[in-house]
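Pasting data28.tsv here (TSV, N, CA and C atoms):
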```
chain	number	residue	atom	x	y	z
A	1471	MET	N	-36.03	-78.72	11.00
A	1471	MET	CA	-36.44	-78.52	9.63
A	1471	MET	C	-37.76	-77.77	9.62
A	1472	ASN	N	-37.89	-76.90	8.67
A	1472	ASN	CA	-39.11	-76.13	8.51
A	1472	ASN	C	-40.11	-76.94	7.68
A	1473	TRP	N	-41.11	-77.53	8.37
A	1473	TRP	CA	-42.08	-78.42	7.71
A	1473	TRP	C	-43.00	-77.67	6.76
A	1474	PHE	N	-43.14	-76.39	6.94
A	1474	PHE	CA	-44.01	-75.61	6.04
A	1474	PHE	C	-43.42	-75.51	4.63
A	1475	LYS	N	-42.12	-75.68	4.52
A	1475	LYS	CA	-41.48	-75.63	3.20
A	1475	LYS	C	-41.88	-76.82	2.33
A	1476	LEU	N	-42.32	-77.90	2.96
A	1476	LEU	CA	-42.74	-79.08	2.18
A	1476	LEU	C	-44.04	-78.85	1.43
A	1477	ILE	N	-44.79	-77.85	1.83
A	1477	ILE	CA	-46.10	-77.60	1.23
A	1477	ILE	C	-45.97	-76.98	-0.17
A	1478	THR	N	-45.05	-76.06	-0.34
A	1478	THR	CA	-44.95	-75.37	-1.63
A	1478	THR	C	-43.81	-75.91	-2.47
A	1479	LYS	N	-43.97	-75.73	-3.76
A	1479	LYS	CA	-42.94	-76.15	-4.71
A	1479	LYS	C	-41.63	-75.41	-4.45
A	1480	ASN	N	-41.71	-74.10	-4.29
A	1480	ASN	CA	-40.50	-73.31	-4.03
A	1480	ASN	C	-39.86	-73.70	-2.71
A	1481	GLY	N	-40.68	-74.04	-1.72
A	1481	GLY	CA	-40.16	-74.47	-0.43
A	1481	GLY	C	-39.40	-75.78	-0.55
A	1482	ARG	N	-39.96	-76.75	-1.29
A	1482	ARG	CA	-39.29	-78.03	-1.50
A	1482	ARG	C	-37.99	-77.83	-2.28
A	1483	ARG	N	-38.05	-76.96	-3.28
A	1483	ARG	CA	-36.84	-76.68	-4.05
A	1483	ARG	C	-35.76	-76.07	-3.16
A	1484	ASP	N	-36.18	-75.20	-2.27
A	1484	ASP	CA	-35.22	-74.58	-1.36
A	1484	ASP	C	-34.58	-75.61	-0.44
A	1485	LEU	N	-35.38	-76.55	0.05
A	1485	LEU	CA	-34.84	-77.62	0.90
A	1485	LEU	C	-33.81	-78.46	0.14
A	1486	VAL	N	-34.15	-78.79	-1.09
A	1486	VAL	CA	-33.21	-79.58	-1.92
A	1486	VAL	C	-31.95	-78.77	-2.18
A	1487	ARG	N	-32.11	-77.48	-2.50
A	1487	ARG	CA	-30.96	-76.61	-2.76
A	1487	ARG	C	-30.04	-76.56	-1.54
A	1488	GLN	N	-30.62	-76.40	-0.36
A	1488	GLN	CA	-29.83	-76.33	0.87
A	1488	GLN	C	-29.08	-77.64	1.12
A	1489	ALA	N	-29.80	-78.76	0.95
A	1489	ALA	CA	-29.15	-80.07	1.15
A	1489	ALA	C	-28.05	-80.30	0.13
A	1490	ALA	N	-28.31	-79.93	-1.12
A	1490	ALA	CA	-27.31	-80.13	-2.16
A	1490	ALA	C	-26.07	-79.29	-1.89
A	1491	LYS	N	-26.27	-78.06	-1.48
A	1491	LYS	CA	-25.11	-77.18	-1.21
A	1491	LYS	C	-24.28	-77.70	-0.04
A	1492	GLU	N	-24.93	-78.40	0.89
A	1492	GLU	CA	-24.21	-78.96	2.02
A	1492	GLU	C	-23.29	-80.10	1.58
A	1493	TYR	N	-23.76	-80.89	0.61
A	1493	TYR	CA	-23.01	-82.07	0.19
A	1493	TYR	C	-22.26	-81.89	-1.12
A	1494	LEU	N	-22.63	-80.90	-1.90
A	1494	LEU	CA	-21.98	-80.70	-3.20
A	1494	LEU	C	-21.26	-79.36	-3.24
A	1495	SER	N	-20.04	-79.39	-2.76
A	1495	SER	CA	-19.19	-78.21	-2.81
A	1495	SER	C	-17.85	-78.64	-3.39
A	1496	VAL	N	-17.09	-77.68	-3.83
A	1496	VAL	CA	-15.77	-77.99	-4.38
A	1496	VAL	C	-14.93	-78.72	-3.34
A	1497	GLY	N	-14.98	-78.25	-2.12
A	1497	GLY	CA	-14.21	-78.89	-1.05
A	1497	GLY	C	-14.63	-80.32	-0.79
A	1498	LYS	N	-15.93	-80.57	-0.78
A	1498	LYS	CA	-16.44	-81.92	-0.51
A	1498	LYS	C	-16.09	-82.87	-1.67
A	1499	ILE	N	-16.24	-82.38	-2.90
A	1499	ILE	CA	-15.90	-83.21	-4.06
A	1499	ILE	C	-14.41	-83.50	-4.09
A	1500	ALA	N	-13.59	-82.50	-3.77
A	1500	ALA	CA	-12.14	-82.71	-3.72
A	1500	ALA	C	-11.79	-83.72	-2.63
A	1501	GLU	N	-12.47	-83.63	-1.50
A	1501	GLU	CA	-12.22	-84.57	-0.41
A	1501	GLU	C	-12.57	-86.00	-0.82
A	1502	LEU	N	-13.73	-86.17	-1.43
A	1502	LEU	CA	-14.15	-87.51	-1.87
A	1502	LEU	C	-13.22	-88.05	-2.96
A	1503	THR	N	-12.82	-87.18	-3.87
A	1503	THR	CA	-11.91	-87.59	-4.93
A	1503	THR	C	-10.57	-88.01	-4.37
A	1504	SER	N	-10.03	-87.22	-3.46
A	1504	SER	CA	-8.72	-87.57	-2.88
A	1504	SER	C	-8.81	-88.87	-2.07
A	1505	GLN	N	-9.91	-89.08	-1.38
A	1505	GLN	CA	-10.09	-90.34	-0.65
A	1505	GLN	C	-10.11	-91.52	-1.61
A	1506	GLY	N	-10.81	-91.35	-2.73
A	1506	GLY	CA	-10.86	-92.41	-3.74
A	1506	GLY	C	-9.51	-92.68	-4.36
A	1507	VAL	N	-8.79	-91.63	-4.69
A	1507	VAL	CA	-7.45	-91.79	-5.28
A	1507	VAL	C	-6.51	-92.46	-4.29
A	1508	ASN	N	-6.54	-92.02	-3.04
A	1508	ASN	CA	-5.68	-92.62	-2.02
A	1508	ASN	C	-5.99	-94.09	-1.83
A	1509	ALA	N	-7.28	-94.44	-1.79
A	1509	ALA	CA	-7.66	-95.85	-1.62
A	1509	ALA	C	-7.19	-96.67	-2.82
A	1510	LEU	N	-7.33	-96.12	-4.01
A	1510	LEU	CA	-6.89	-96.82	-5.22
A	1510	LEU	C	-5.37	-97.00	-5.22
A	1511	LEU	N	-4.64	-95.96	-4.84
A	1511	LEU	CA	-3.18	-96.06	-4.79
A	1511	LEU	C	-2.73	-97.10	-3.77
A	1512	GLU	N	-3.37	-97.11	-2.61
A	1512	GLU	CA	-3.01	-98.10	-1.59
A	1512	GLU	C	-3.25	-99.51	-2.10
A	1513	LYS	N	-4.39	-99.72	-2.74
A	1513	LYS	CA	-4.72	-101.04	-3.26
A	1513	LYS	C	-3.77	-101.44	-4.38
A	1514	THR	N	-3.48	-100.50	-5.26
A	1514	THR	CA	-2.61	-100.77	-6.40
A	1514	THR	C	-1.18	-101.05	-5.96
A	1515	CYS	N	-0.69	-100.31	-5.00
A	1515	CYS	CA	0.71	-100.42	-4.58
A	1515	CYS	C	0.96	-101.59	-3.63
A	1516	ALA	N	-0.08	-102.22	-3.14
A	1516	ALA	CA	0.07	-103.25	-2.12
A	1516	ALA	C	0.95	-104.40	-2.56
A	1517	GLY	N	0.84	-104.85	-3.80
A	1517	GLY	CA	1.59	-106.03	-4.23
A	1517	GLY	C	2.79	-105.73	-5.12
A	1518	ILE	N	3.22	-104.50	-5.17
A	1518	ILE	CA	4.32	-104.13	-6.06
A	1518	ILE	C	5.64	-104.13	-5.29
A	1519	ASP	N	6.64	-104.80	-5.85
A	1519	ASP	CA	7.93	-104.82	-5.18
A	1519	ASP	C	8.65	-103.48	-5.37
A	1520	ALA	N	9.71	-103.27	-4.63
A	1520	ALA	CA	10.41	-101.99	-4.60
A	1520	ALA	C	11.00	-101.62	-5.96
A	1521	ASP	N	11.55	-102.58	-6.70
A	1521	ASP	CA	12.13	-102.29	-8.00
A	1521	ASP	C	11.08	-101.79	-8.99
A	1522	LYS	N	9.97	-102.51	-9.02
A	1522	LYS	CA	8.90	-102.12	-9.94
A	1522	LYS	C	8.33	-100.76	-9.54
A	1523	MET	N	8.20	-100.52	-8.24
A	1523	MET	CA	7.69	-99.24	-7.77
A	1523	MET	C	8.62	-98.10	-8.16
A	1524	ALA	N	9.92	-98.35	-8.08
A	1524	ALA	CA	10.90	-97.34	-8.48
A	1524	ALA	C	10.76	-97.02	-9.96
A	1525	LYS	N	10.51	-98.04	-10.77
A	1525	LYS	CA	10.31	-97.82	-12.21
A	1525	LYS	C	9.05	-96.98	-12.46
A	1526	VAL	N	7.96	-97.35	-11.80
A	1526	VAL	CA	6.71	-96.62	-11.97
A	1526	VAL	C	6.89	-95.15	-11.56
A	1527	CYS	N	7.55	-94.94	-10.44
A	1527	CYS	CA	7.79	-93.57	-9.98
A	1527	CYS	C	8.68	-92.81	-10.96
A	1528	GLY	N	9.63	-93.51	-11.54
A	1528	GLY	CA	10.48	-92.89	-12.55
A	1528	GLY	C	9.69	-92.48	-13.77
A	1529	TYR	N	8.76	-93.35	-14.22
A	1529	TYR	CA	7.90	-93.00	-15.36
A	1529	TYR	C	7.07	-91.76	-15.04
A	1530	CYS	N	6.54	-91.71	-13.84
A	1530	CYS	CA	5.72	-90.56	-13.43
A	1530	CYS	C	6.54	-89.28	-13.43
A	1531	LYS	N	7.76	-89.35	-12.90
A	1531	LYS	CA	8.61	-88.16	-12.87
A	1531	LYS	C	8.99	-87.73	-14.27
A	1532	ASP	N	9.31	-88.69	-15.13
A	1532	ASP	CA	9.66	-88.36	-16.51
A	1532	ASP	C	8.46	-87.75	-17.24
A	1533	GLY	N	7.27	-88.29	-16.99
A	1533	GLY	CA	6.06	-87.74	-17.60
A	1533	GLY	C	5.79	-86.33	-17.10
A	1534	ALA	N	5.97	-86.11	-15.82
A	1534	ALA	CA	5.77	-84.77	-15.26
A	1534	ALA	C	6.76	-83.79	-15.86
A	1535	SER	N	7.99	-84.23	-16.03
A	1535	SER	CA	9.01	-83.39	-16.65
A	1535	SER	C	8.63	-83.04	-18.09
A	1536	LEU	N	8.11	-84.03	-18.82
A	1536	LEU	CA	7.68	-83.80	-20.19
A	1536	LEU	C	6.56	-82.76	-20.23
A	1537	PHE	N	5.54	-82.93	-19.38
A	1537	PHE	CA	4.43	-82.00	-19.39
A	1537	PHE	C	4.87	-80.59	-18.97
A	1538	ALA	N	5.79	-80.50	-18.05
A	1538	ALA	CA	6.31	-79.19	-17.65
A	1538	ALA	C	7.04	-78.54	-18.82
A	1539	GLU	N	7.82	-79.33	-19.56
A	1539	GLU	CA	8.53	-78.83	-20.73
A	1539	GLU	C	7.55	-78.32	-21.79
A	1540	VAL	N	6.50	-79.08	-22.03
A	1540	VAL	CA	5.48	-78.67	-23.01
A	1540	VAL	C	4.81	-77.39	-22.55
A	1541	SER	N	4.45	-77.33	-21.28
A	1541	SER	CA	3.81	-76.14	-20.74
A	1541	SER	C	4.69	-74.91	-20.89
A	1542	ASP	N	5.94	-75.04	-20.55
A	1542	ASP	CA	6.87	-73.91	-20.70
A	1542	ASP	C	7.04	-73.52	-22.16
A	1543	ALA	N	7.08	-74.52	-23.03
A	1543	ALA	CA	7.32	-74.25	-24.45
A	1543	ALA	C	6.15	-73.51	-25.10
A	1544	VAL	N	4.94	-73.85	-24.72
A	1544	VAL	CA	3.78	-73.24	-25.38
A	1544	VAL	C	3.28	-71.98	-24.68
A	1545	ALA	N	3.87	-71.63	-23.57
A	1545	ALA	CA	3.41	-70.46	-22.81
A	1545	ALA	C	3.49	-69.19	-23.64
A	1546	ASP	N	4.51	-69.05	-24.45
A	1546	ASP	CA	4.65	-67.84	-25.28
A	1546	ASP	C	4.04	-68.01	-26.67
A	1547	LYS	N	3.36	-69.11	-26.91
A	1547	LYS	CA	2.67	-69.43	-28.16
A	1547	LYS	C	3.61	-69.59	-29.35
A	1548	GLN	N	4.88	-69.85	-29.06
A	1548	GLN	CA	5.86	-70.09	-30.11
A	1548	GLN	C	6.78	-71.22	-29.66
A	1549	LEU	N	7.00	-72.15	-30.57
A	1549	LEU	CA	7.92	-73.24	-30.28
A	1549	LEU	C	9.22	-72.99	-31.02
A	1550	THR	N	10.31	-73.00	-30.28
A	1550	THR	CA	11.61	-72.87	-30.93
A	1550	THR	C	12.07	-74.25	-31.37
A	1551	ALA	N	13.04	-74.28	-32.25
A	1551	ALA	CA	13.59	-75.56	-32.72
A	1551	ALA	C	14.17	-76.34	-31.54
A	1552	GLN	N	14.79	-75.64	-30.60
A	1552	GLN	CA	15.37	-76.31	-29.44
A	1552	GLN	C	14.29	-76.92	-28.56
A	1553	GLU	N	13.19	-76.19	-28.37
A	1553	GLU	CA	12.09	-76.72	-27.56
A	1553	GLU	C	11.50	-77.98	-28.20
A	1554	VAL	N	11.33	-77.94	-29.51
A	1554	VAL	CA	10.80	-79.11	-30.22
A	1554	VAL	C	11.75	-80.29	-30.05
A	1555	THR	N	13.04	-80.03	-30.19
A	1555	THR	CA	14.05	-81.09	-30.03
A	1555	THR	C	14.01	-81.67	-28.62
A	1556	ASP	N	13.93	-80.80	-27.62
A	1556	ASP	CA	13.90	-81.25	-26.23
A	1556	ASP	C	12.63	-82.07	-25.93
A	1557	ILE	N	11.50	-81.60	-26.43
A	1557	ILE	CA	10.24	-82.31	-26.19
A	1557	ILE	C	10.28	-83.67	-26.87
A	1558	CYS	N	10.74	-83.71	-28.11
A	1558	CYS	CA	10.82	-84.98	-28.83
A	1558	CYS	C	11.75	-85.96	-28.12
A	1559	ALA	N	12.86	-85.46	-27.61
A	1559	ALA	CA	13.81	-86.32	-26.90
A	1559	ALA	C	13.16	-86.90	-25.63
A	1560	LYS	N	12.39	-86.07	-24.92
A	1560	LYS	CA	11.74	-86.56	-23.71
A	1560	LYS	C	10.65	-87.58	-24.04
A	1561	VAL	N	9.90	-87.33	-25.11
A	1561	VAL	CA	8.86	-88.29	-25.52
A	1561	VAL	C	9.51	-89.61	-25.91
A	1562	GLU	N	10.59	-89.54	-26.67
A	1562	GLU	CA	11.28	-90.75	-27.10
A	1562	GLU	C	11.85	-91.51	-25.90
A	1563	ALA	N	12.44	-90.80	-24.97
A	1563	ALA	CA	13.02	-91.45	-23.79
A	1563	ALA	C	11.93	-92.11	-22.95
A	1564	LEU	N	10.82	-91.42	-22.76
A	1564	LEU	CA	9.73	-91.97	-21.96
A	1564	LEU	C	9.10	-93.16	-22.66
A	1565	THR	N	8.87	-93.04	-23.95
A	1565	THR	CA	8.28	-94.14	-24.71
A	1565	THR	C	9.19	-95.35	-24.71
A	1566	GLY	N	10.48	-95.12	-24.85
A	1566	GLY	CA	11.45	-96.22	-24.87
A	1566	GLY	C	11.50	-96.99	-23.57
A	1567	LYS	N	11.17	-96.33	-22.47
A	1567	LYS	CA	11.15	-97.01	-21.17
A	1567	LYS	C	9.89	-97.84	-21.01
A	1568	ILE	N	8.81	-97.39	-21.62
A	1568	ILE	CA	7.52	-98.05	-21.43
A	1568	ILE	C	7.28	-99.11	-22.51
A	1569	VAL	N	7.55	-98.76	-23.75
A	1569	VAL	CA	7.30	-99.67	-24.87
A	1569	VAL	C	8.65	-100.20	-25.35
A	1570	THR	N	8.90	-101.46	-25.11
A	1570	THR	CA	10.17	-102.05	-25.51
A	1570	THR	C	10.04	-102.69	-26.89
A	1571	GLN	N	11.16	-102.84	-27.56
A	1571	GLN	CA	11.16	-103.50	-28.85
A	1571	GLN	C	10.70	-104.95	-28.73
A	1572	GLU	N	11.05	-105.59	-27.63
A	1572	GLU	CA	10.60	-106.96	-27.40
A	1572	GLU	C	9.09	-107.06	-27.37
A	1573	ARG	N	8.46	-106.10	-26.71
A	1573	ARG	CA	6.99	-106.11	-26.63
A	1573	ARG	C	6.39	-105.84	-28.00
A	1574	ILE	N	6.98	-104.94	-28.75
A	1574	ILE	CA	6.51	-104.66	-30.10
A	1574	ILE	C	6.63	-105.91	-30.96
A	1575	ASP	N	7.76	-106.61	-30.85
A	1575	ASP	CA	7.96	-107.85	-31.61
A	1575	ASP	C	6.91	-108.90	-31.24
A	1576	GLU	N	6.56	-108.99	-29.97
A	1576	GLU	CA	5.52	-109.92	-29.54
A	1576	GLU	C	4.18	-109.59	-30.19
A	1577	ILE	N	3.86	-108.33	-30.24
A	1577	ILE	CA	2.60	-107.90	-30.85
A	1577	ILE	C	2.61	-108.20	-32.35
A	1578	ILE	N	3.74	-107.95	-32.99
A	1578	ILE	CA	3.86	-108.26	-34.42
A	1578	ILE	C	3.61	-109.74	-34.66
A	1579	GLU	N	4.20	-110.59	-33.82
A	1579	GLU	CA	4.02	-112.04	-33.98
A	1579	GLU	C	2.57	-112.45	-33.77
A	1580	LYS	N	1.89	-111.82	-32.83
A	1580	LYS	CA	0.46	-112.12	-32.62
A	1580	LYS	C	-0.35	-111.75	-33.85
A	1581	ILE	N	-0.01	-110.62	-34.45
A	1581	ILE	CA	-0.70	-110.20	-35.67
A	1581	ILE	C	-0.42	-111.18	-36.80
A	1582	VAL	N	0.85	-111.55	-36.95
A	1582	VAL	CA	1.25	-112.48	-38.01
A	1582	VAL	C	0.52	-113.80	-37.85
A	1583	GLU	N	0.36	-114.29	-36.62
A	1583	GLU	CA	-0.33	-115.56	-36.37
A	1583	GLU	C	-1.78	-115.52	-36.85
A	1584	LYS	N	-2.39	-114.35	-36.88
A	1584	LYS	CA	-3.79	-114.24	-37.26
A	1584	LYS	C	-3.97	-114.15	-38.78
A	1585	VAL	N	-2.87	-114.03	-39.50
A	1585	VAL	CA	-2.97	-113.96	-40.96
A	1585	VAL	C	-3.37	-115.34	-41.49
A	1586	PRO	N	-4.45	-115.43	-42.29
A	1586	PRO	CA	-4.91	-116.74	-42.78
A	1586	PRO	C	-4.01	-117.31	-43.88
```

Represent the structure of the file as structure tokens.
Amino acid sequence: MNWFKLITKNGRRDLVRQAAKEYLSVGKIAELTSQGVNALLEKTCAGIDADKMAKVCGYCKDGASLFAEVSDAVADKQLTAQEVTDICAKVEALTGKIVTQERIDEIIEKIVEKVP
């Protein structure tokens, strides 16, 4: 390390800039982020049985399909009636898998119980 850089303000700033560039790069941030995501996924998936995992993966695939459909539909800045119909059908199908009528009924009952 160049100790003379500690004497001047610009020298200290340069040292900080060099250190920051070493640790703060797109590649380093992506690496840290992916490590964090992988650790979270491992921890989250540890106690999930195969059936539940298959459902979660299915939701993810359906969601990815929906977003791909939306992306394709808006690429030309015009939505056709068919694209709207297809997107709505995918939203409804995905929502129906995640939010069940039974769960909605449970929430309604909780609300009703709070009515004085």

May I ask which of the residues A:Asp1519, A:Ile1557, A:Lys1584, A:Cys1530 is the closest one to Ala1543 (chain A), counting only C-alpha atoms? A:Ile1557

Could you please write out, as a PyMOL selection string, every residue of region 1497-1558 of chain A that DSSP assigns to alpha helix (DSSP H)? chain A and resi 1497-1515+1520-1544+1551-1558

Would you mind exporting the chosen residues as a short mmCIF file (atom, residue, chain, number, x, y, z; two decimals), in the coordinates of the input, restricted to N, CA and C atoms?
```cif
data_model
loop_
_atom_site.label_atom_id
_atom_site.label_comp_id
_atom_site.auth_asym_id
_atom_site.auth_seq_id
_atom_site.Cartn_x
_atom_site.Cartn_y
_atom_site.Cartn_z
N GLY A 1497 -14.98 -78.25 -2.12
CA GLY A 1497 -14.21 -78.89 -1.05
C GLY A 1497 -14.63 -80.32 -0.79
N LYS A 1498 -15.93 -80.57 -0.78
CA LYS A 1498 -16.44 -81.92 -0.51
C LYS A 1498 -16.09 -82.87 -1.67
N ILE A 1499 -16.24 -82.38 -2.90
CA ILE A 1499 -15.90 -83.21 -4.06
C ILE A 1499 -14.41 -83.50 -4.09
N ALA A 1500 -13.59 -82.50 -3.77
CA ALA A 1500 -12.14 -82.71 -3.72
C ALA A 1500 -11.79 -83.72 -2.63
N GLU A 1501 -12.47 -83.63 -1.50
CA GLU A 1501 -12.22 -84.57 -0.41
C GLU A 1501 -12.57 -86.00 -0.82
N LEU A 1502 -13.73 -86.17 -1.43
CA LEU A 1502 -14.15 -87.51 -1.87
C LEU A 1502 -13.22 -88.05 -2.96
N THR A 1503 -12.82 -87.18 -3.87
CA THR A 1503 -11.91 -87.59 -4.93
C THR A 1503 -10.57 -88.01 -4.37
N SER A 1504 -10.03 -87.22 -3.46
CA SER A 1504 -8.72 -87.57 -2.88
C SER A 1504 -8.81 -88.87 -2.07
N GLN A 1505 -9.91 -89.08 -1.38
CA GLN A 1505 -10.09 -90.34 -0.65
C GLN A 1505 -10.11 -91.52 -1.61
N GLY A 1506 -10.81 -91.35 -2.73
CA GLY A 1506 -10.86 -92.41 -3.74
C GLY A 1506 -9.51 -92.68 -4.36
N VAL A 1507 -8.79 -91.63 -4.69
CA VAL A 1507 -7.45 -91.79 -5.28
C VAL A 1507 -6.51 -92.46 -4.29
N ASN A 1508 -6.54 -92.02 -3.04
CA ASN A 1508 -5.68 -92.62 -2.02
C ASN A 1508 -5.99 -94.09 -1.83
N ALA A 1509 -7.28 -94.44 -1.79
CA ALA A 1509 -7.66 -95.85 -1.62
C ALA A 1509 -7.19 -96.67 -2.82
N LEU A 1510 -7.33 -96.12 -4.01
CA LEU A 1510 -6.89 -96.82 -5.22
C LEU A 1510 -5.37 -97.00 -5.22
N LEU A 1511 -4.64 -95.96 -4.84
CA LEU A 1511 -3.18 -96.06 -4.79
C LEU A 1511 -2.73 -97.10 -3.77
N GLU A 1512 -3.37 -97.11 -2.61
CA GLU A 1512 -3.01 -98.10 -1.59
C GLU A 1512 -3.25 -99.51 -2.10
N LYS A 1513 -4.39 -99.72 -2.74
CA LYS A 1513 -4.72 -101.04 -3.26
C LYS A 1513 -3.77 -101.44 -4.38
N THR A 1514 -3.48 -100.50 -5.26
CA THR A 1514 -2.61 -100.77 -6.40
C THR A 1514 -1.18 -101.05 -5.96
N CYS A 1515 -0.69 -100.31 -5.00
CA CYS A 1515 0.71 -100.42 -4.58
C CYS A 1515 0.96 -101.59 -3.63
N ALA A 1520 9.71 -103.27 -4.63
CA ALA A 1520 10.41 -101.99 -4.60
C ALA A 1520 11.00 -101.62 -5.96
N ASP A 1521 11.55 -102.58 -6.70
CA ASP A 1521 12.13 -102.29 -8.00
C ASP A 1521 11.08 -101.79 -8.99
N LYS A 1522 9.97 -102.51 -9.02
CA LYS A 1522 8.90 -102.12 -9.94
C LYS A 1522 8.33 -100.76 -9.54
N MET A 1523 8.20 -100.52 -8.24
CA MET A 1523 7.69 -99.24 -7.77
C MET A 1523 8.62 -98.10 -8.16
N ALA A 1524 9.92 -98.35 -8.08
CA ALA A 1524 10.90 -97.34 -8.48
C ALA A 1524 10.76 -97.02 -9.96
N LYS A 1525 10.51 -98.04 -10.77
CA LYS A 1525 10.31 -97.82 -12.21
C LYS A 1525 9.05 -96.98 -12.46
N VAL A 1526 7.96 -97.35 -11.80
CA VAL A 1526 6.71 -96.62 -11.97
C VAL A 1526 6.89 -95.15 -11.56
N CYS A 1527 7.55 -94.94 -10.44
CA CYS A 1527 7.79 -93.57 -9.98
C CYS A 1527 8.68 -92.81 -10.96
N GLY A 1528 9.63 -93.51 -11.54
CA GLY A 1528 10.48 -92.89 -12.55
C GLY A 1528 9.69 -92.48 -13.77
N TYR A 1529 8.76 -93.35 -14.22
CA TYR A 1529 7.90 -93.00 -15.36
C TYR A 1529 7.07 -91.76 -15.04
N CYS A 1530 6.54 -91.71 -13.84
CA CYS A 1530 5.72 -90.56 -13.43
C CYS A 1530 6.54 -89.28 -13.43
N LYS A 1531 7.76 -89.35 -12.90
CA LYS A 1531 8.61 -88.16 -12.87
C LYS A 1531 8.99 -87.73 -14.27
N ASP A 1532 9.31 -88.69 -15.13
CA ASP A 1532 9.66 -88.36 -16.51
C ASP A 1532 8.46 -87.75 -17.24
N GLY A 1533 7.27 -88.29 -16.99
CA GLY A 1533 6.06 -87.74 -17.60
C GLY A 1533 5.79 -86.33 -17.10
N ALA A 1534 5.97 -86.11 -15.82
CA ALA A 1534 5.77 -84.77 -15.26
C ALA A 1534 6.76 -83.79 -15.86
N SER A 1535 7.99 -84.23 -16.03
CA SER A 1535 9.01 -83.39 -16.65
C SER A 1535 8.63 -83.04 -18.09
N LEU A 1536 8.11 -84.03 -18.82
CA LEU A 1536 7.68 -83.80 -20.19
C LEU A 1536 6.56 -82.76 -20.23
N PHE A 1537 5.54 -82.93 -19.38
CA PHE A 1537 4.43 -82.00 -19.39
C PHE A 1537 4.87 -80.59 -18.97
N ALA A 1538 5.79 -80.50 -18.05
CA ALA A 1538 6.31 -79.19 -17.65
C ALA A 1538 7.04 -78.54 -18.82
N GLU A 1539 7.82 -79.33 -19.56
CA GLU A 1539 8.53 -78.83 -20.73
C GLU A 1539 7.55 -78.32 -21.79
N VAL A 1540 6.50 -79.08 -22.03
CA VAL A 1540 5.48 -78.67 -23.01
C VAL A 1540 4.81 -77.39 -22.55
N SER A 1541 4.45 -77.33 -21.28
CA SER A 1541 3.81 -76.14 -20.74
C SER A 1541 4.69 -74.91 -20.89
N ASP A 1542 5.94 -75.04 -20.55
CA ASP A 1542 6.87 -73.91 -20.70
C ASP A 1542 7.04 -73.52 -22.16
N ALA A 1543 7.08 -74.52 -23.03
CA ALA A 1543 7.32 -74.25 -24.45
C ALA A 1543 6.15 -73.51 -25.10
N VAL A 1544 4.94 -73.85 -24.72
CA VAL A 1544 3.78 -73.24 -25.38
C VAL A 1544 3.28 -71.98 -24.68
N ALA A 1551 13.04 -74.28 -32.25
CA ALA A 1551 13.59 -75.56 -32.72
C ALA A 1551 14.17 -76.34 -31.54
N GLN A 1552 14.79 -75.64 -30.60
CA GLN A 1552 15.37 -76.31 -29.44
C GLN A 1552 14.29 -76.92 -28.56
N GLU A 1553 13.19 -76.19 -28.37
CA GLU A 1553 12.09 -76.72 -27.56
C GLU A 1553 11.50 -77.98 -28.20
N VAL A 1554 11.33 -77.94 -29.51
CA VAL A 1554 10.80 -79.11 -30.22
C VAL A 1554 11.75 -80.29 -30.05
N THR A 1555 13.04 -80.03 -30.19
CA THR A 1555 14.05 -81.09 -30.03
C THR A 1555 14.01 -81.67 -28.62
N ASP A 1556 13.93 -80.80 -27.62
CA ASP A 1556 13.90 -81.25 -26.23
C ASP A 1556 12.63 -82.07 -25.93
N ILE A 1557 11.50 -81.60 -26.43
CA ILE A 1557 10.24 -82.31 -26.19
C ILE A 1557 10.28 -83.67 -26.87
N CYS A 1558 10.74 -83.71 -28.11
CA CYS A 1558 10.82 -84.98 -28.83
C CYS A 1558 11.75 -85.96 -28.12
#
```

Have a look at A:Glu1501, A:Ile1581, A:Asn1480, A:Tyr1529 and name the one nearest to Ile1568 (chain A); count all atoms listed in the file.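 Between A:Glu1501, A:Ile1581, A:Asn1480, A:Tyr1529, the residue approaching Ile1568 (chain A) most closely is A:Tyr1529.
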
Tell me, in Å to one decimal, how far atom C of Thr1565 (chain A) is from atom N of Glu1512 (chain A).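 That distance, rounded to one decimal, is 25.5 Å.
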
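In this structure, CA of Cys1515 (chain A) sits 13.3 Å away from atom N of Gly1528 (chain A).
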
Show me, as a PyMOL selection string, the residues that have an atom within 6.5 Å of region 1532-1536 of chain A when counting all atoms listed in the file, minus same-chain residues fewer than 3 positions from it. chain A and resi 1527-1529+1539-1541+1560-1561+1564

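For the pair CA of Ala1551 (chain A) and CA of Ala1538 (chain A), the separation is 17.1 Å.
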
Taking all atoms of region 1569-1576 of chain A that appear in the file, build a box with edges along x, y and z, extend it by 6 Å on every side, and state its centre and edge lengths in Å to one decimal, as AutoDock Vina command-line options.
```
--center_x 7.7 --center_y -104.3 --center_z -27.7 --size_x 19.0 --size_y 23.2 --size_z 19.9
```
